[in-house]
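Undergrad: Dropping a structure here in structure tokens format, bear with me for questions.
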Amino acid sequence: MTTSDLAAFEAARPRLQRLAYRMLGSVTEAEDVVQDAWIRWSQTGGKVEDPAAWLVRTTSRLCIDRLRAAKVRREAYRGPWLPEPLIEDLNEDPLERAEDVSVAFLLALERLSPLERAVFLLHGVFDEDYAAVARALGRSEAAVRQLASRAQAHLKAAKPRFAVDQAAATRLASAFMGAAERGDIAGLRGLLAEDAVMITDGGGKRSAALRPLVGAADIVAMIQGLAWRGRAWPISTEGSLSYRAVRINGLPGLVLEPDDGPMTIAFQPDEAGRLAAIYITRNPEKLAHLSR
């Protein structure tokens, strides 16, 4: 492995990491796939005409293999599934376009087959032409175009239709947390869209709602029910909550550190300035990268 071969891989690494994360919905697994791609790259002896294309092809196929192997595990997952949160400090420039890593978009990708997902991402997000995508996936160009058409039909309404005002959205998230801590039910209702959704992913390893809560009334009833039982939302302990503000998949979010381990909350506002969705990750396997 020469210095130029190493340089070629390092130049491609950010793109490979971004592709693998969108394919798998996991920061940790994306890192593993990129490492696997590196091992295969190091075994080529530099005898590759187009390193960037070879690395994209290898990474795509490794991700497809992982998705197919994980199918049974995903189907048996306990409770709602959320992608592993992509966390950035607020004072850092965003590494990704928010619409390309939004939780809603990644959840929509879950409805696609592994091949449809790869085609959509390579062509629609990473701007590869159909001929390049066909070579990467070992399919005919006609088959790739058909896969892209099916994927686009599934994902038509998945990406956000407006840019999130980060400052306003952060104030909205803070107001919601404050109202929850105070038990201000009227305040909570006023901050939620009528059709708001709350999804909690505990993976069967920590307490979490086993179904999405749909509608402001459903969400408020859950928080109110916890309060009646002397339990604070979003954790089942008494006392005030400590948390730090971050950006999670392009959305305003919080990292909390209760006694039983970290958790994250991402807040998705709507165009009217209310909360359209709240995504809570409590599965410790999806939060291990927080401690690295």
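Residues are named by chain letter and number: chains run A, B, ... in the order of the structure tokens, numbers start at 1 in each chain, and ligands are numbered from 1 in the order shown.
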Near stretch 214-223 of chain A, counting only C-alpha atoms, which residues have an atom at most 6 Å away, once you skip same-chain residues fewer than 3 positions from it, shown as a PyMOL selection string?
TA: chain A and resi 192+194-197+226
Undergrad: At a cut-off of 10 Å, using only C-alpha atoms, what residues contact A:Val133? Leave out same-chain residues fewer than 2 positions from it and give the result as number ranges by chain.
TA: A: 53, 56-57, 60, 118-123, 127-131, 135-141, 144-145
Undergrad: How about saving the chosen residues, N, CA, C and O atoms kept, as a short mmCIF file (atom, residue, chain, number, x, y, z; two decimals), in the first residue's frame?
TA:
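Result written to again_27.cif:
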data_model
loop_
_atom_site.label_atom_id
_atom_site.label_comp_id
_atom_site.auth_asym_id
_atom_site.auth_seq_id
_atom_site.Cartn_x
_atom_site.Cartn_y
_atom_site.Cartn_z
N ALA A 53 -14.47 5.40 -7.62
CA ALA A 53 -15.59 4.56 -8.06
C ALA A 53 -15.52 3.19 -7.42
O ALA A 53 -16.54 2.62 -7.00
N VAL A 56 -16.69 3.47 -3.74
CA VAL A 56 -18.15 3.64 -3.64
C VAL A 56 -18.84 2.32 -3.92
O VAL A 56 -19.80 1.93 -3.23
N ARG A 57 -18.36 1.61 -4.96
CA ARG A 57 -18.96 0.32 -5.31
C ARG A 57 -18.82 -0.67 -4.16
O ARG A 57 -19.79 -1.35 -3.78
N SER A 60 -21.02 0.36 -1.13
CA SER A 60 -22.44 0.12 -1.42
C SER A 60 -22.79 -1.35 -1.26
O SER A 60 -23.80 -1.71 -0.64
N ALA A 118 -29.88 1.84 -2.20
CA ALA A 118 -28.57 2.16 -2.77
C ALA A 118 -28.72 3.00 -4.04
O ALA A 118 -28.00 4.00 -4.22
N VAL A 119 -29.63 2.62 -4.91
CA VAL A 119 -29.84 3.37 -6.16
C VAL A 119 -30.29 4.79 -5.86
O VAL A 119 -29.76 5.77 -6.41
N PHE A 120 -31.25 4.93 -4.96
CA PHE A 120 -31.77 6.26 -4.65
C PHE A 120 -30.67 7.15 -4.08
O PHE A 120 -30.53 8.32 -4.47
N LEU A 121 -29.89 6.63 -3.15
CA LEU A 121 -28.86 7.45 -2.52
C LEU A 121 -27.74 7.80 -3.50
O LEU A 121 -27.30 8.95 -3.57
N LEU A 122 -27.27 6.81 -4.25
CA LEU A 122 -26.17 7.07 -5.17
C LEU A 122 -26.57 8.08 -6.25
O LEU A 122 -25.79 8.98 -6.59
N HIS A 123 -27.78 7.94 -6.78
CA HIS A 123 -28.21 8.85 -7.84
C HIS A 123 -28.82 10.14 -7.30
O HIS A 123 -28.45 11.24 -7.71
N ASP A 127 -25.48 12.17 -6.54
CA ASP A 127 -25.39 12.68 -7.92
C ASP A 127 -24.58 11.79 -8.87
O ASP A 127 -23.97 12.29 -9.83
N GLU A 128 -24.57 10.50 -8.62
CA GLU A 128 -23.96 9.58 -9.58
C GLU A 128 -24.93 9.39 -10.75
O GLU A 128 -26.14 9.27 -10.55
N ASP A 129 -24.40 9.34 -11.99
CA ASP A 129 -25.32 9.10 -13.10
C ASP A 129 -25.72 7.62 -13.12
O ASP A 129 -25.11 6.78 -12.46
N TYR A 130 -26.77 7.33 -13.89
CA TYR A 130 -27.32 5.97 -13.86
C TYR A 130 -26.29 4.93 -14.33
O TYR A 130 -26.26 3.81 -13.82
N ALA A 131 -25.47 5.31 -15.29
CA ALA A 131 -24.46 4.35 -15.77
C ALA A 131 -23.48 4.00 -14.66
O ALA A 131 -23.11 2.83 -14.48
N ARG A 135 -22.90 0.30 -12.79
CA ARG A 135 -21.60 -0.35 -12.63
C ARG A 135 -21.33 -0.66 -11.16
O ARG A 135 -20.81 -1.74 -10.82
N ALA A 136 -21.69 0.27 -10.28
CA ALA A 136 -21.43 0.08 -8.85
C ALA A 136 -22.19 -1.11 -8.30
O ALA A 136 -21.68 -1.84 -7.43
N LEU A 137 -23.41 -1.32 -8.77
CA LEU A 137 -24.28 -2.35 -8.21
C LEU A 137 -24.33 -3.62 -9.06
O LEU A 137 -25.01 -4.58 -8.68
N GLY A 138 -23.64 -3.61 -10.19
CA GLY A 138 -23.64 -4.80 -11.03
C GLY A 138 -24.99 -5.09 -11.63
O GLY A 138 -25.38 -6.26 -11.79
N ARG A 139 -25.72 -4.04 -12.01
CA ARG A 139 -27.04 -4.17 -12.62
C ARG A 139 -27.05 -3.43 -13.96
O ARG A 139 -26.20 -2.59 -14.23
N SER A 140 -28.03 -3.73 -14.79
CA SER A 140 -28.15 -3.00 -16.05
C SER A 140 -28.66 -1.59 -15.77
O SER A 140 -29.30 -1.34 -14.74
N GLU A 141 -28.39 -0.68 -16.69
CA GLU A 141 -28.86 0.69 -16.50
C GLU A 141 -30.38 0.75 -16.48
O GLU A 141 -30.98 1.52 -15.73
N VAL A 144 -31.57 -0.25 -13.08
CA VAL A 144 -31.30 0.81 -12.11
C VAL A 144 -32.32 1.93 -12.23
O VAL A 144 -32.80 2.47 -11.23
N ARG A 145 -32.68 2.29 -13.45
CA ARG A 145 -33.69 3.33 -13.64
C ARG A 145 -35.04 2.90 -13.06
O ARG A 145 -35.77 3.70 -12.47
#
Undergrad: For A:Val246, please output as a list in words all residues within 8 Å (counting only C-alpha atoms; exclusion window: fewer than 6 positions along the same chain).
TA: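 My reading of the contact set: Ile87, Glu88, Asp89, Leu90, Pro252, Gly253, Leu254 and Val255 of chain A.
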Undergrad: Taking the chain letters and numbering used in this document, name the residues of stretch 7-234 of chain A that DSSP puts in strand (DSSP E), as a list in words.
TA: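 Of stretch 7-234 of chain A, only Ile87, Glu88, Asp89, Leu192, Ala193, Glu194, Asp195, Ala196, Val197, Met198, Ile199, Thr200, Asp201, Leu213 and Val214 of chain A fall in strand (DSSP E).
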Undergrad: Put those residues in a file: all heavy atoms, as a short mmCIF file (atom, residue, chain, number, x, y, z; two decimals), in the first residue's frame.
TA:
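Result went into part_39.cif, see below:
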data_model
loop_
_atom_site.label_atom_id
_atom_site.label_comp_id
_atom_site.auth_asym_id
_atom_site.auth_seq_id
_atom_site.Cartn_x
_atom_site.Cartn_y
_atom_site.Cartn_z
N ILE A 87 -25.01 13.16 15.87
CA ILE A 87 -24.96 14.28 16.82
C ILE A 87 -23.80 15.22 16.50
O ILE A 87 -22.67 14.78 16.29
CB ILE A 87 -24.83 13.74 18.26
CG1 ILE A 87 -26.04 12.87 18.60
CG2 ILE A 87 -24.69 14.89 19.26
CD1 ILE A 87 -25.90 12.11 19.89
N GLU A 88 -24.12 16.52 16.47
CA GLU A 88 -23.11 17.56 16.26
C GLU A 88 -23.31 18.66 17.28
O GLU A 88 -24.45 18.98 17.64
CB GLU A 88 -23.23 18.14 14.85
CG GLU A 88 -23.05 17.14 13.73
CD GLU A 88 -23.41 17.74 12.39
OE1 GLU A 88 -24.60 18.00 12.14
OE2 GLU A 88 -22.50 17.96 11.59
N ASP A 89 -22.21 19.26 17.72
CA ASP A 89 -22.33 20.42 18.61
C ASP A 89 -22.89 21.60 17.83
O ASP A 89 -22.64 21.75 16.63
CB ASP A 89 -20.95 20.79 19.19
CG ASP A 89 -20.48 19.78 20.22
OD1 ASP A 89 -21.35 19.14 20.85
OD2 ASP A 89 -19.26 19.63 20.39
N LEU A 192 -47.41 21.78 20.55
CA LEU A 192 -47.50 20.61 19.68
C LEU A 192 -48.48 20.83 18.53
O LEU A 192 -49.58 21.36 18.73
CB LEU A 192 -47.95 19.39 20.47
CG LEU A 192 -46.96 18.81 21.48
CD1 LEU A 192 -47.67 17.86 22.44
CD2 LEU A 192 -45.83 18.07 20.77
N ALA A 193 -48.12 20.40 17.34
CA ALA A 193 -49.08 20.35 16.25
C ALA A 193 -50.14 19.30 16.58
O ALA A 193 -49.86 18.33 17.30
CB ALA A 193 -48.37 19.99 14.94
N GLU A 194 -51.33 19.48 16.08
CA GLU A 194 -52.42 18.55 16.40
C GLU A 194 -52.09 17.12 15.98
O GLU A 194 -52.47 16.16 16.64
CB GLU A 194 -53.73 19.00 15.75
CG GLU A 194 -54.42 20.14 16.47
CD GLU A 194 -54.72 19.80 17.93
OE1 GLU A 194 -55.23 18.69 18.18
OE2 GLU A 194 -54.43 20.63 18.80
N ASP A 195 -51.36 16.98 14.87
CA ASP A 195 -51.02 15.64 14.38
C ASP A 195 -49.57 15.26 14.71
O ASP A 195 -48.95 14.43 14.04
CB ASP A 195 -51.24 15.54 12.87
CG ASP A 195 -50.42 16.57 12.09
OD1 ASP A 195 -49.82 17.46 12.72
OD2 ASP A 195 -50.39 16.48 10.84
N ALA A 196 -49.02 15.84 15.77
CA ALA A 196 -47.64 15.56 16.16
C ALA A 196 -47.45 14.08 16.49
O ALA A 196 -48.39 13.39 16.91
CB ALA A 196 -47.25 16.42 17.37
N VAL A 197 -46.22 13.61 16.32
CA VAL A 197 -45.87 12.21 16.59
C VAL A 197 -44.69 12.19 17.55
O VAL A 197 -43.75 12.98 17.41
CB VAL A 197 -45.50 11.47 15.29
CG1 VAL A 197 -45.07 10.04 15.60
CG2 VAL A 197 -46.67 11.47 14.32
N MET A 198 -44.74 11.28 18.52
CA MET A 198 -43.58 11.04 19.39
C MET A 198 -43.18 9.57 19.26
O MET A 198 -43.99 8.67 19.47
CB MET A 198 -43.91 11.36 20.85
CG MET A 198 -42.74 11.12 21.80
SD MET A 198 -43.16 11.40 23.55
CE MET A 198 -43.25 13.19 23.57
N ILE A 199 -41.92 9.34 18.89
CA ILE A 199 -41.42 7.98 18.72
C ILE A 199 -40.27 7.76 19.70
O ILE A 199 -39.32 8.56 19.74
CB ILE A 199 -40.94 7.74 17.28
CG1 ILE A 199 -42.09 7.96 16.30
CG2 ILE A 199 -40.37 6.33 17.13
CD1 ILE A 199 -41.68 7.84 14.84
N THR A 200 -40.34 6.69 20.47
CA THR A 200 -39.31 6.38 21.45
C THR A 200 -38.70 5.02 21.14
O THR A 200 -39.42 4.02 21.03
CB THR A 200 -39.88 6.36 22.88
OG1 THR A 200 -40.56 7.59 23.12
CG2 THR A 200 -38.79 6.19 23.91
N ASP A 201 -37.39 4.98 20.98
CA ASP A 201 -36.67 3.75 20.64
C ASP A 201 -35.85 3.30 21.85
O ASP A 201 -34.83 3.89 22.18
CB ASP A 201 -35.76 4.01 19.44
CG ASP A 201 -34.96 2.79 19.01
OD1 ASP A 201 -34.90 1.81 19.78
OD2 ASP A 201 -34.39 2.82 17.90
N LEU A 213 -46.63 7.50 19.57
CA LEU A 213 -47.75 8.28 20.08
C LEU A 213 -48.14 9.27 19.00
O LEU A 213 -47.31 10.05 18.53
CB LEU A 213 -47.36 9.01 21.36
CG LEU A 213 -46.85 8.13 22.51
CD1 LEU A 213 -46.42 8.99 23.69
CD2 LEU A 213 -47.91 7.13 22.93
N VAL A 214 -49.39 9.23 18.59
CA VAL A 214 -49.85 10.03 17.45
C VAL A 214 -50.90 11.04 17.91
O VAL A 214 -51.92 10.67 18.48
CB VAL A 214 -50.43 9.13 16.35
CG1 VAL A 214 -50.89 9.98 15.16
CG2 VAL A 214 -49.41 8.10 15.90
#
Undergrad: Pick out the residues sitting within 10 Å of A:Phe176, and hand them over as an NGL selection string; count only C-alpha atoms, and ignore anything fewer than 2 positions along from it in its own chain.
TA: :A and (170-174 or 178-182 or 184 or 187-192 or 267 or 274-275)
Undergrad: Please identify all polymer residues within 9 Å of A:Ala266, counting only C-alpha atoms, omitting same-chain residues fewer than 2 positions from it, and present them as a PDB file with N, CA and C atoms, in the first residue's frame.
TA:
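As written to disk, result-v5.pdb reads:
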ATOM      1  N   PRO A  85     -28.633   8.235  16.311  1.00  0.00           N
ATOM      2  CA  PRO A  85     -28.571   9.690  16.144  1.00  0.00           C
ATOM      3  C   PRO A  85     -27.209  10.185  15.677  1.00  0.00           C
ATOM      4  N   VAL A 103     -34.452  12.571  10.450  1.00  0.00           N
ATOM      5  CA  VAL A 103     -34.969  11.297  10.942  1.00  0.00           C
ATOM      6  C   VAL A 103     -36.114  10.811  10.053  1.00  0.00           C
ATOM      7  N   ALA A 173     -37.804  23.812  21.332  1.00  0.00           N
ATOM      8  CA  ALA A 173     -37.429  22.605  22.076  1.00  0.00           C
ATOM      9  C   ALA A 173     -37.248  22.917  23.557  1.00  0.00           C
ATOM     10  N   VAL A 246     -27.773  20.172  21.380  1.00  0.00           N
ATOM     11  CA  VAL A 246     -26.955  19.714  20.259  1.00  0.00           C
ATOM     12  C   VAL A 246     -27.804  19.766  18.992  1.00  0.00           C
ATOM     13  N   ARG A 247     -27.203  19.382  17.891  1.00  0.00           N
ATOM     14  CA  ARG A 247     -27.932  19.197  16.645  1.00  0.00           C
ATOM     15  C   ARG A 247     -27.972  17.706  16.376  1.00  0.00           C
ATOM     16  N   ILE A 248     -29.177  17.154  16.181  1.00  0.00           N
ATOM     17  CA  ILE A 248     -29.341  15.719  15.948  1.00  0.00           C
ATOM     18  C   ILE A 248     -29.985  15.521  14.585  1.00  0.00           C
ATOM     19  N   ASN A 249     -29.238  14.928  13.662  1.00  0.00           N
ATOM     20  CA  ASN A 249     -29.725  14.721  12.295  1.00  0.00           C
ATOM     21  C   ASN A 249     -30.285  16.017  11.707  1.00  0.00           C
ATOM     22  N   LEU A 251     -31.595  18.476  13.229  1.00  0.00           N
ATOM     23  CA  LEU A 251     -32.675  19.055  14.021  1.00  0.00           C
ATOM     24  C   LEU A 251     -32.154  19.525  15.371  1.00  0.00           C
ATOM     25  N   PRO A 252     -32.836  20.502  15.994  1.00  0.00           N
ATOM     26  CA  PRO A 252     -32.466  20.849  17.369  1.00  0.00           C
ATOM     27  C   PRO A 252     -32.704  19.652  18.273  1.00  0.00           C
ATOM     28  N   GLY A 253     -31.765  19.403  19.168  1.00  0.00           N
ATOM     29  CA  GLY A 253     -31.907  18.235  20.025  1.00  0.00           C
ATOM     30  C   GLY A 253     -31.205  18.409  21.343  1.00  0.00           C
ATOM     31  N   LEU A 254     -31.333  17.396  22.177  1.00  0.00           N
ATOM     32  CA  LEU A 254     -30.765  17.405  23.520  1.00  0.00           C
ATOM     33  C   LEU A 254     -30.116  16.056  23.802  1.00  0.00           C
ATOM     34  N   THR A 264     -31.124  10.640  23.883  1.00  0.00           N
ATOM     35  CA  THR A 264     -31.211  11.828  23.045  1.00  0.00           C
ATOM     36  C   THR A 264     -32.661  12.107  22.691  1.00  0.00           C
ATOM     37  N   GLN A 268     -38.606  18.045  15.776  1.00  0.00           N
ATOM     38  CA  GLN A 268     -38.843  18.461  14.393  1.00  0.00           C
ATOM     39  C   GLN A 268     -39.994  19.461  14.349  1.00  0.00           C
ATOM     40  N   ALA A 277     -42.849  16.514  15.324  1.00  0.00           N
ATOM     41  CA  ALA A 277     -42.379  15.189  15.727  1.00  0.00           C
ATOM     42  C   ALA A 277     -41.314  15.328  16.807  1.00  0.00           C
ATOM     43  N   ILE A 278     -41.289  14.344  17.702  1.00  0.00           N
ATOM     44  CA  ILE A 278     -40.268  14.253  18.743  1.00  0.00           C
ATOM     45  C   ILE A 278     -39.710  12.834  18.684  1.00  0.00           C
ATOM     46  N   TYR A 279     -38.395  12.730  18.530  1.00  0.00           N
ATOM     47  CA  TYR A 279     -37.740  11.435  18.395  1.00  0.00           C
ATOM     48  C   TYR A 279     -36.818  11.216  19.588  1.00  0.00           C
ATOM     49  N   ILE A 280     -37.065  10.141  20.337  1.00  0.00           N
ATOM     50  CA  ILE A 280     -36.309   9.864  21.555  1.00  0.00           C
ATOM     51  C   ILE A 280     -35.574   8.534  21.390  1.00  0.00           C
ATOM     52  N   THR A 281     -34.264   8.566  21.578  1.00  0.00           N
ATOM     53  CA  THR A 281     -33.464   7.342  21.489  1.00  0.00           C
ATOM     54  C   THR A 281     -32.941   6.989  22.871  1.00  0.00           C
TER      55      THR A 281
END
Undergrad: Write out as a PyMOL selection string the residues lying within 10 Å of stretch 205-208 of chain A, counting only C-alpha atoms and excluding same-chain residues fewer than 5 positions away.
TA: chain A and resi 78-80+199-200+234-236+260-261+280-285
Undergrad: So that I can see what lies close to A:Met23, please list as a ChimeraX atom specification the residues with an atom at most 8 Å from it, counting only C-alpha atoms and leaving out residues fewer than 3 positions away in the same chain.
TA: /A:19-20,63-64,109,114,117-118,121
Undergrad: Can those selected residues be exported to a file as a PDB file, in the first residue's frame so that it contains all heavy atoms?
TA:
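Below you can see part_17.pdb, which holds the result:
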ATOM      1  N   LEU A  19     -22.373   7.915   2.848  1.00  0.00           N
ATOM      2  CA  LEU A  19     -23.170   6.925   2.131  1.00  0.00           C
ATOM      3  C   LEU A  19     -23.572   5.785   3.060  1.00  0.00           C
ATOM      4  O   LEU A  19     -24.752   5.393   3.108  1.00  0.00           O
ATOM      5  CB  LEU A  19     -22.374   6.391   0.934  1.00  0.00           C
ATOM      6  CG  LEU A  19     -22.980   5.201   0.182  1.00  0.00           C
ATOM      7  CD1 LEU A  19     -24.324   5.578  -0.425  1.00  0.00           C
ATOM      8  CD2 LEU A  19     -22.019   4.708  -0.898  1.00  0.00           C
ATOM      9  N   ALA A  20     -22.619   5.252   3.812  1.00  0.00           N
ATOM     10  CA  ALA A  20     -22.902   4.108   4.681  1.00  0.00           C
ATOM     11  C   ALA A  20     -23.885   4.476   5.784  1.00  0.00           C
ATOM     12  O   ALA A  20     -24.755   3.666   6.140  1.00  0.00           O
ATOM     13  CB  ALA A  20     -21.598   3.575   5.280  1.00  0.00           C
ATOM     14  N   CYS A  63     -22.795  -2.496   2.349  1.00  0.00           N
ATOM     15  CA  CYS A  63     -24.004  -2.047   3.040  1.00  0.00           C
ATOM     16  C   CYS A  63     -25.215  -2.895   2.662  1.00  0.00           C
ATOM     17  O   CYS A  63     -26.027  -3.261   3.517  1.00  0.00           O
ATOM     18  CB  CYS A  63     -24.285  -0.575   2.703  1.00  0.00           C
ATOM     19  SG  CYS A  63     -23.162   0.601   3.478  1.00  0.00           S
ATOM     20  N   ILE A  64     -25.331  -3.220   1.384  1.00  0.00           N
ATOM     21  CA  ILE A  64     -26.442  -4.064   0.933  1.00  0.00           C
ATOM     22  C   ILE A  64     -26.379  -5.427   1.620  1.00  0.00           C
ATOM     23  O   ILE A  64     -27.400  -5.952   2.086  1.00  0.00           O
ATOM     24  CB  ILE A  64     -26.410  -4.213  -0.601  1.00  0.00           C
ATOM     25  CG1 ILE A  64     -26.822  -2.884  -1.256  1.00  0.00           C
ATOM     26  CG2 ILE A  64     -27.341  -5.336  -1.057  1.00  0.00           C
ATOM     27  CD1 ILE A  64     -26.595  -2.853  -2.757  1.00  0.00           C
ATOM     28  N   LEU A 109     -36.436   5.801   4.184  1.00  0.00           N
ATOM     29  CA  LEU A 109     -35.521   4.896   3.490  1.00  0.00           C
ATOM     30  C   LEU A 109     -35.696   3.451   3.944  1.00  0.00           C
ATOM     31  O   LEU A 109     -35.444   2.516   3.179  1.00  0.00           O
ATOM     32  CB  LEU A 109     -34.070   5.330   3.727  1.00  0.00           C
ATOM     33  CG  LEU A 109     -33.582   6.587   3.010  1.00  0.00           C
ATOM     34  CD1 LEU A 109     -32.156   6.912   3.428  1.00  0.00           C
ATOM     35  CD2 LEU A 109     -33.680   6.448   1.499  1.00  0.00           C
ATOM     36  N   PRO A 114     -32.932  -3.008   0.001  1.00  0.00           N
ATOM     37  CA  PRO A 114     -31.524  -2.571   0.001  1.00  0.00           C
ATOM     38  C   PRO A 114     -31.066  -2.018  -1.345  1.00  0.00           C
ATOM     39  O   PRO A 114     -30.366  -1.008  -1.401  1.00  0.00           O
ATOM     40  CB  PRO A 114     -30.771  -3.849   0.385  1.00  0.00           C
ATOM     41  CG  PRO A 114     -31.738  -4.599   1.247  1.00  0.00           C
ATOM     42  CD  PRO A 114     -33.080  -4.348   0.612  1.00  0.00           C
ATOM     43  N   ARG A 117     -32.634   1.389  -2.033  1.00  0.00           N
ATOM     44  CA  ARG A 117     -32.014   2.394  -1.179  1.00  0.00           C
ATOM     45  C   ARG A 117     -30.666   2.824  -1.771  1.00  0.00           C
ATOM     46  O   ARG A 117     -30.353   4.015  -1.829  1.00  0.00           O
ATOM     47  CB  ARG A 117     -31.815   1.840   0.231  1.00  0.00           C
ATOM     48  CG  ARG A 117     -31.494   2.903   1.258  1.00  0.00           C
ATOM     49  CD  ARG A 117     -31.318   2.329   2.647  1.00  0.00           C
ATOM     50  NE  ARG A 117     -32.382   1.424   3.052  1.00  0.00           N
ATOM     51  CZ  ARG A 117     -32.541   0.982   4.288  1.00  0.00           C
ATOM     52  NH1 ARG A 117     -31.702   1.353   5.235  1.00  0.00           N
ATOM     53  NH2 ARG A 117     -33.518   0.151   4.583  1.00  0.00           N
ATOM     54  N   ALA A 118     -29.878   1.843  -2.196  1.00  0.00           N
ATOM     55  CA  ALA A 118     -28.571   2.164  -2.774  1.00  0.00           C
ATOM     56  C   ALA A 118     -28.717   3.002  -4.040  1.00  0.00           C
ATOM     57  O   ALA A 118     -27.998   4.000  -4.223  1.00  0.00           O
ATOM     58  CB  ALA A 118     -27.808   0.872  -3.072  1.00  0.00           C
ATOM     59  N   LEU A 121     -29.892   6.634  -3.151  1.00  0.00           N
ATOM     60  CA  LEU A 121     -28.861   7.450  -2.520  1.00  0.00           C
ATOM     61  C   LEU A 121     -27.738   7.801  -3.498  1.00  0.00           C
ATOM     62  O   LEU A 121     -27.301   8.954  -3.566  1.00  0.00           O
ATOM     63  CB  LEU A 121     -28.291   6.719  -1.300  1.00  0.00           C
ATOM     64  CG  LEU A 121     -29.238   6.610  -0.111  1.00  0.00           C
ATOM     65  CD1 LEU A 121     -28.663   5.686   0.953  1.00  0.00           C
ATOM     66  CD2 LEU A 121     -29.533   7.980   0.487  1.00  0.00           C
TER      67      LEU A 121
END
Undergrad: Kindly give the distance, in Å, that separates atom CA of A:Pro262 and atom CA of A:Pro83, rounded to a single decimal.
TA: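 Between atom CA of A:Pro262 and atom CA of A:Pro83 the gap is 15.7 Å.
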Undergrad: Rounded to one decimal in Å, what is the spacing between atom CA of A:Val34 and atom CA of A:Leu106?
TA: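 Here the two named atoms are 19.2 Å from each other.
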Undergrad: Smallest atom-to-atom distance to A:Tyr77: which of A:Met263, A:Val33, A:Leu210, A:Ala272, using only C-alpha atoms?
TA: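 That would be A:Leu210, the residue with the smallest distance to A:Tyr77.
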